[in-house]
Amino acid sequence: MTDCYIYDAVRTPRGRGRAGGSLNQVTPLRLAAGVLAALRDRNQLDTRLVDDVIFGCVEPVAEQGADIARSAVLLADYDQSVPGVQINRFCASGLEACNMAAGQVMSGQLDLAIGGGVESMSRVPMMSSGGAWAMDPESAFKTYFVPQGISADVIATKWGYSRADVDAYALESQRRAALAWAERRFDRSIAPVLDLNGLTILDRDEYLRPETTLESLGSLKPAFAEQGRQAGFDSVILQRYPELERVEHVHTAGNSSGIVDGAAAVLFGSKEMGERLGLKPRARVRAYASIGSEPSIMLTGPSYATEKALKRAGMGVGDIDLFELNEAFAAVVLRFMDVLNVSHDKMNVNGGAIALGHPLGATGAMILGTVLDELERRNLSTGLATLCVGAGMGTATIIERV
Amino acid sequence: MIDYQLDQDGIATLCWNLPGKSQNVLNAESLAAFYAAIDRALAEPGLRGILLTSAKHDFIAGGDLDMLAQADDAQALFDLTMRLHQGLRKLETCGKPVAAALNGNTLGGGLEVALACHYRVAADSSSTRIGLPEATLGLLPGGGGTQRLPRLIGIQPALPLLLEGKRLKVADAAKLGIVQKVVPAGEEIVAARAWLLGEGQSKPQQPWDSKGFKIPGGAVQSPGGMQTFIAGNALTREKSWGNYPALRYILSCVYEGMQTDLDTGLKIEARYFVAAVRSPEARNMIRSLFFGMQAANKLADRPAGVPEQSYSRIGVLGAGMMGAGIANVAAQAGLDVVLIDTSLEAAERGRQHARDALARSRKTPEQIDAIVSRIHPATDMARLEGCELVIEAVFEDRAIKADVTRRAEAMLSNEAIFASNTSTLPISSLAEASARPEQFIGLHFFSPVEKMPLVEIIVGKQTSAATLARAMDLVKRIGKTPIIVNDSRGFYTSRVFDTYISEGMALLAEGVAPALIEHAGRLAGMPVGPLALTDEVSLELILKVTRQTEQDLGAAFQPKPAYTVIKRLVNDLGRLGRKAGQGFYDYDGEGGKRLWSGLAQEFPLAADQPDVETVKQRLLHVQAVEAAKCLDEGVLRSKRDADIGAILGWGFPACLGGPLSYIDTVGAQRFVAECDALASRYGQRFAVPASLKQMAASGERYHPR
């Protein structure tokens, strides 16, 4: 098997994902093309050598539809010989795209490939692509479909994470993210979003709320209580988890991931290709895995995906120096740390999506870059990025610095 | 079958008129005649329009359930259904206007035929109902109802009608756009003809057959459609606990069918219809809720040769909740009721209870006054003179009951019946106070009497067949459904009901998570979890009854695990039930409740928790075994009574058809094997009677397939 190396990783800053957010004025196509251009320019890439561009996107309709990866390749002025493909594994799409790119390098079918993702949640809102999963009665009944906020609340209920627990976690995410920005820890990856005149539209994550306190978090209304009660979702998931008396709705806008816009891209290649291009490899992809888990509680997948990837790599949890688990909801991370006995000191050390936001299709590629940057900054060796995924899935990737 | 007439205006009238039946129904014969009549009309050279109506009091009552109950072959049923679709499509695409004059009830297949017309006019009548009630029998509208109704009025308004089987009043059907016009009764044919010859001539086409048709209110794949289905799926599961597959099928018919054209949608519906008809749920519901109830309400088991007893005046002793409720329903049925209590104030309170209950109904003040004026509060037993029947609903105390029996009988004619509403005391022993025990009988009403449709008739050792027959006449007269039970401890309903709540407590004592027990009860289809139900009944009352049983039986008393649980809660912890604000649950006084957190200390969770299917099985099997024993011991006279008594009496899941239908559904052989395993692990309460063992061995069933 060919070894696959990461040569570079870039991302846009994350803009608040609604009207008025800085990136609301930028099309997702331009966001995607922007990170491709940055990757090329930083590495003086001869784009004729790029074998494929694989981009994740969760709502691939409207202006994110029709294979946005190919359009982005062309808009970014890559050579027309470079193809593009858009994939969807919900919230892990960006990481899955990276894994597909890396896997094809490992298999010897690609020498140089870009994985990444894009999501303009402000311009193509969640649920835009519809789908059978929640709507088709046959699927919804079979899978006990509930929206993921309800699933997250059930994780908290089932394993006893109180409102205070999830709020404390959220506060720490804000503190760490603010510190990371203060110390410019994200600088290596950030590719500012510019307009056609070269004027800066956004050069830093804008979702953070460093002024957050436990009191301000505590004053927020549970986000999913009303939905759970009025639309029947609490009943649905209690029929799946009948040992629980009720759903404790602990998640709020403050301890769940933020809705933001953004894009990211990661450059993968073989050793020979790196040498040919004169690029220095930053890390090697050790292993990756995606798994399916119980779809109604939905968000417990990361620990299973992690175990599977670790097994593939012949590693144990203790062999990982830093973890990035997407902070979709606070309870997801708390559960993961408990199940795998991972210290908070190694987990999401620069905060996560609670403070920074979760641009669905891009996040996986973003946190892969984040863990790599931080491994370098701390001079550590191994990192793992993972995400919980809709409909009960999980994806994980293990990298090791070289 | 279909009276055919072509008039000089070119209007062909197809008048449904099934010979020898009071109702028009869709079956193989009537449909064949209908198709032939359509063909005949379409062959008329001067045809200008087609009018559908009925020669009966109602339009069409629906599909023939006899036929559906027997339909087994999927292909044959599918073909039959598609043949109906072809016929109705031919009608609505024939190029001539088609109108339906709805003279009365238009239900199920009847409404589906009407929906295939271009125009529907209904006769105004407060008793007429229009709707698609198939879902209430575990079925779905199989004549295009799931496809035409949403295309006519929109997905969102159509779904509740399809899922809940609502029977609409004419005005409501008109408001929703299901009928286009309402006219005074008798004018519906004239109005339909006027439309056929006027407006109908300009565009005889269904909206869904016109170019560019859009579903009113929005398509499936629209923000509104998305909301409707995502929430509709969840709400339907919330309500049905996943136990009624036809409800999911209805949602699927609409979801899948509205994303294509009508002809394709009809095929989709036909496939789901076949699946629903062949589901055990539909078979069980049709057997018990339709045929079973029909037979019981017609007094199928009434002893023969006894002249029908007419009632005009009855007496009720005791004006508490039960007595007042009985007086209320009897007065509503037009009977005069003498309501006796120890003080006039108490008797008046009973009448006021009836008035209050009626005020919550939809009756007018005049109707309420008329009903209440038939209730005559009194203290003097002499007022019972002329009563054809007296029911006592006094305290469950032998001495008090004996006293009122003697004093009342003294005032009654020789023919009058004395009935006891006891729910716990054996009738034969109460009859010992009677001077004429052959005219003494049990009439066990359920609380609240106004709402609960069942009366358990208890036949004592000496009760005569004539008394039983005449008591059944009363039950029918006041609009209740009777089952016949031979005297035995707990009779039938209380005895089997007790096994459900007792099993809940046994599970608790074993350390099963209380929430799991409660949810398993709901998932099994029961209306309330066993612990919540125990709270409702009152732990204190159950303890009292159990103590009485212990005293009565002496050494033969076999305490259940539940006895220990109840004693602990009532005697040591003072948790008496819902009325006391605390039982297995804590009640906040505003309708909210939570499982009492102290249960975790009293009944520590076992390390190994059973899976939910195991808990469901125990909660259902324990009831079914007890019902089988009741039949085996002769407590019940008919299998039908076992099933409908369970559904009406304590809310046994209708989709299971009752405890005996449930055993049939599981299969006697498998049921017995499972009960044997449960008996060896949890005790003799799961031991099946010999007769059931035999059935399992010989492959018999309680009910024919």
# chains A, B, ... in the order shown; residues from 1 in each chain; ligands from 1
>>> select_by_dssp(residues="range 223-373 of chain B", states="strand (DSSP E)", output="ChimeraX atom specification")
/B:313-317,336-340
>>> write_last_selection(atoms="all heavy atoms", output="tab-separated table (two decimals), in the first residue's frame")
chain	number	residue	atom	x	y	z
B	313	ARG	N	-89.31	2.69	33.62
B	313	ARG	CA	-88.97	3.27	34.93
B	313	ARG	C	-88.05	2.30	35.66
B	313	ARG	O	-88.36	1.10	35.78
B	313	ARG	CB	-90.27	3.44	35.72
B	313	ARG	CG	-90.14	4.14	37.06
B	313	ARG	CD	-91.54	4.23	37.68
B	313	ARG	NE	-91.53	4.87	38.97
B	313	ARG	CZ	-91.62	6.20	39.13
B	313	ARG	NH1	-91.73	6.98	38.09
B	313	ARG	NH2	-91.61	6.72	40.35
B	314	ILE	N	-86.90	2.80	36.10
B	314	ILE	CA	-86.02	1.95	36.90
B	314	ILE	C	-85.63	2.70	38.18
B	314	ILE	O	-85.83	3.92	38.28
B	314	ILE	CB	-84.74	1.53	36.14
B	314	ILE	CG1	-83.85	2.75	35.85
B	314	ILE	CG2	-85.07	0.78	34.86
B	314	ILE	CD1	-82.43	2.39	35.42
B	315	GLY	N	-85.10	1.96	39.12
B	315	GLY	CA	-84.62	2.57	40.34
B	315	GLY	C	-83.12	2.41	40.45
B	315	GLY	O	-82.56	1.41	39.97
B	316	VAL	N	-82.48	3.41	41.04
B	316	VAL	CA	-81.04	3.31	41.31
B	316	VAL	C	-80.83	3.62	42.78
B	316	VAL	O	-81.30	4.65	43.28
B	316	VAL	CB	-80.23	4.30	40.44
B	316	VAL	CG1	-78.75	4.25	40.82
B	316	VAL	CG2	-80.41	3.98	38.96
B	317	LEU	N	-80.19	2.69	43.50
B	317	LEU	CA	-79.96	2.88	44.93
B	317	LEU	C	-78.52	3.33	45.13
B	317	LEU	O	-77.59	2.64	44.72
B	317	LEU	CB	-80.20	1.58	45.69
B	317	LEU	CG	-81.53	0.86	45.39
B	317	LEU	CD1	-81.65	-0.39	46.27
B	317	LEU	CD2	-82.71	1.80	45.62
B	336	ASP	N	-87.55	6.90	33.11
B	336	ASP	CA	-87.66	7.61	34.38
B	336	ASP	C	-86.82	6.85	35.40
B	336	ASP	O	-86.83	5.62	35.42
B	336	ASP	CB	-89.13	7.66	34.83
B	336	ASP	CG	-89.84	8.83	34.18
B	336	ASP	OD1	-89.38	9.98	34.38
B	336	ASP	OD2	-90.83	8.59	33.44
B	337	VAL	N	-86.08	7.61	36.21
B	337	VAL	CA	-85.17	6.97	37.16
B	337	VAL	C	-85.45	7.49	38.56
B	337	VAL	O	-85.40	8.71	38.80
B	337	VAL	CB	-83.70	7.28	36.81
B	337	VAL	CG1	-82.77	6.52	37.75
B	337	VAL	CG2	-83.40	6.92	35.36
B	338	VAL	N	-85.76	6.60	39.46
B	338	VAL	CA	-85.87	6.97	40.87
B	338	VAL	C	-84.49	6.79	41.48
B	338	VAL	O	-83.96	5.67	41.50
B	338	VAL	CB	-86.90	6.08	41.59
B	338	VAL	CG1	-87.03	6.52	43.05
B	338	VAL	CG2	-88.24	6.13	40.88
B	339	LEU	N	-83.92	7.89	41.94
B	339	LEU	CA	-82.54	7.85	42.45
B	339	LEU	C	-82.58	8.01	43.97
B	339	LEU	O	-82.88	9.10	44.49
B	339	LEU	CB	-81.72	8.97	41.81
B	339	LEU	CG	-80.25	9.08	42.21
B	339	LEU	CD1	-79.49	7.79	41.92
B	339	LEU	CD2	-79.59	10.26	41.50
B	340	ILE	N	-82.28	6.92	44.65
B	340	ILE	CA	-82.48	6.91	46.10
B	340	ILE	C	-81.15	6.93	46.84
B	340	ILE	O	-80.21	6.24	46.46
B	340	ILE	CB	-83.29	5.66	46.51
B	340	ILE	CG1	-84.72	5.80	45.97
B	340	ILE	CG2	-83.29	5.45	48.02
B	340	ILE	CD1	-85.67	4.76	46.43
>>> interface_residues(of="chain A", to="chain B", cutoff="6 Å", atoms="only C-alpha atoms", output="list in words")
Ala134, Met135, Pro137, Ala231, Gly232, Phe233, Ser235, Val236, Pro242, Glu243, Leu244 and Glu245 of chain A
>>> residues_around(residues="Leu289 in chain B", least_positions_apart="2", cutoff="12 Å", atoms="only C-alpha atoms", output="ChimeraX atom specification")
/B:65,136-138,281-287,291-297,481,640-641,643-648,652-658,661
>>> residues_around(residues="range 19-29 of chain B", least_positions_apart="6", cutoff="9 Å", atoms="only C-alpha atoms", output="PyMOL selection string")
chain B and resi 1+54-65+67+80+109-110
>>> write_last_selection(atoms="N, CA, C and O atoms", output="mmCIF file, in the first residue's frame")
data_model
loop_
_atom_site.group_PDB
_atom_site.id
_atom_site.type_symbol
_atom_site.label_atom_id
_atom_site.label_comp_id
_atom_site.auth_asym_id
_atom_site.auth_seq_id
_atom_site.Cartn_x
_atom_site.Cartn_y
_atom_site.Cartn_z
ATOM 1 N N MET B 1 -79.861 -4.237 -8.269
ATOM 2 C CA MET B 1 -78.589 -3.825 -7.639
ATOM 3 C C MET B 1 -78.335 -2.327 -7.898
ATOM 4 O O MET B 1 -78.234 -1.531 -6.982
ATOM 5 N N SER B 54 -78.792 6.905 -4.293
ATOM 6 C CA SER B 54 -79.118 5.670 -3.583
ATOM 7 C C SER B 54 -80.605 5.607 -3.294
ATOM 8 O O SER B 54 -81.248 6.634 -3.044
ATOM 9 N N ALA B 55 -81.129 4.411 -3.305
ATOM 10 C CA ALA B 55 -82.540 4.222 -2.965
ATOM 11 C C ALA B 55 -82.714 3.936 -1.483
ATOM 12 O O ALA B 55 -83.832 3.813 -0.998
ATOM 13 N N LYS B 56 -81.600 3.791 -0.757
ATOM 14 C CA LYS B 56 -81.672 3.505 0.688
ATOM 15 C C LYS B 56 -81.688 4.811 1.466
ATOM 16 O O LYS B 56 -81.539 5.887 0.911
ATOM 17 N N HIS B 57 -81.769 4.665 2.771
ATOM 18 C CA HIS B 57 -81.724 5.839 3.637
ATOM 19 C C HIS B 57 -80.371 6.548 3.527
ATOM 20 O O HIS B 57 -80.279 7.763 3.611
ATOM 21 N N ASP B 58 -79.311 5.738 3.342
ATOM 22 C CA ASP B 58 -77.967 6.299 3.218
ATOM 23 C C ASP B 58 -77.463 6.113 1.792
ATOM 24 O O ASP B 58 -78.029 5.348 1.021
ATOM 25 N N PHE B 59 -76.367 6.786 1.471
ATOM 26 C CA PHE B 59 -75.796 6.653 0.133
ATOM 27 C C PHE B 59 -75.119 5.281 0.036
ATOM 28 O O PHE B 59 -75.754 4.298 -0.335
ATOM 29 N N ILE B 60 -73.868 5.172 0.430
ATOM 30 C CA ILE B 60 -73.195 3.866 0.458
ATOM 31 C C ILE B 60 -72.430 3.791 1.768
ATOM 32 O O ILE B 60 -71.742 4.750 2.149
ATOM 33 N N ALA B 61 -72.574 2.682 2.467
ATOM 34 C CA ALA B 61 -71.994 2.575 3.817
ATOM 35 C C ALA B 61 -70.533 2.174 3.781
ATOM 36 O O ALA B 61 -69.852 2.253 4.795
ATOM 37 N N GLY B 62 -70.050 1.705 2.632
ATOM 38 C CA GLY B 62 -68.634 1.349 2.556
ATOM 39 C C GLY B 62 -68.430 -0.007 1.929
ATOM 40 O O GLY B 62 -69.326 -0.570 1.307
ATOM 41 N N GLY B 63 -67.205 -0.530 2.113
ATOM 42 C CA GLY B 63 -66.866 -1.831 1.561
ATOM 43 C C GLY B 63 -67.492 -2.946 2.386
ATOM 44 O O GLY B 63 -67.812 -2.760 3.558
ATOM 45 N N ASP B 64 -67.661 -4.080 1.768
ATOM 46 C CA ASP B 64 -68.244 -5.240 2.439
ATOM 47 C C ASP B 64 -67.159 -5.901 3.295
ATOM 48 O O ASP B 64 -66.219 -6.500 2.781
ATOM 49 N N LEU B 65 -67.311 -5.784 4.620
ATOM 50 C CA LEU B 65 -66.251 -6.280 5.502
ATOM 51 C C LEU B 65 -66.190 -7.798 5.533
ATOM 52 O O LEU B 65 -65.136 -8.381 5.774
ATOM 53 N N MET B 67 -66.466 -9.645 2.967
ATOM 54 C CA MET B 67 -65.623 -9.971 1.830
ATOM 55 C C MET B 67 -64.144 -9.719 2.178
ATOM 56 O O MET B 67 -63.283 -10.564 1.939
ATOM 57 N N LEU B 80 -58.749 -7.207 -7.727
ATOM 58 C CA LEU B 80 -60.093 -6.710 -7.428
ATOM 59 C C LEU B 80 -60.059 -5.202 -7.183
ATOM 60 O O LEU B 80 -60.929 -4.454 -7.645
ATOM 61 N N GLY B 109 -65.846 3.343 1.308
ATOM 62 C CA GLY B 109 -65.927 3.154 -0.133
ATOM 63 C C GLY B 109 -67.016 4.006 -0.762
ATOM 64 O O GLY B 109 -66.919 4.374 -1.933
ATOM 65 N N GLY B 110 -68.059 4.322 0.003
ATOM 66 C CA GLY B 110 -69.126 5.181 -0.508
ATOM 67 C C GLY B 110 -68.607 6.558 -0.839
ATOM 68 O O GLY B 110 -68.883 7.116 -1.913
#
>>> atom_distance(atom1="CA of Glu187 in chain B", atom2="CA of Gly104 in chain B")
12.3 Å
>>> atom_distance(atom1="CA of Met347 in chain A", atom2="CA of Glu96 in chain A")
20.5 Å
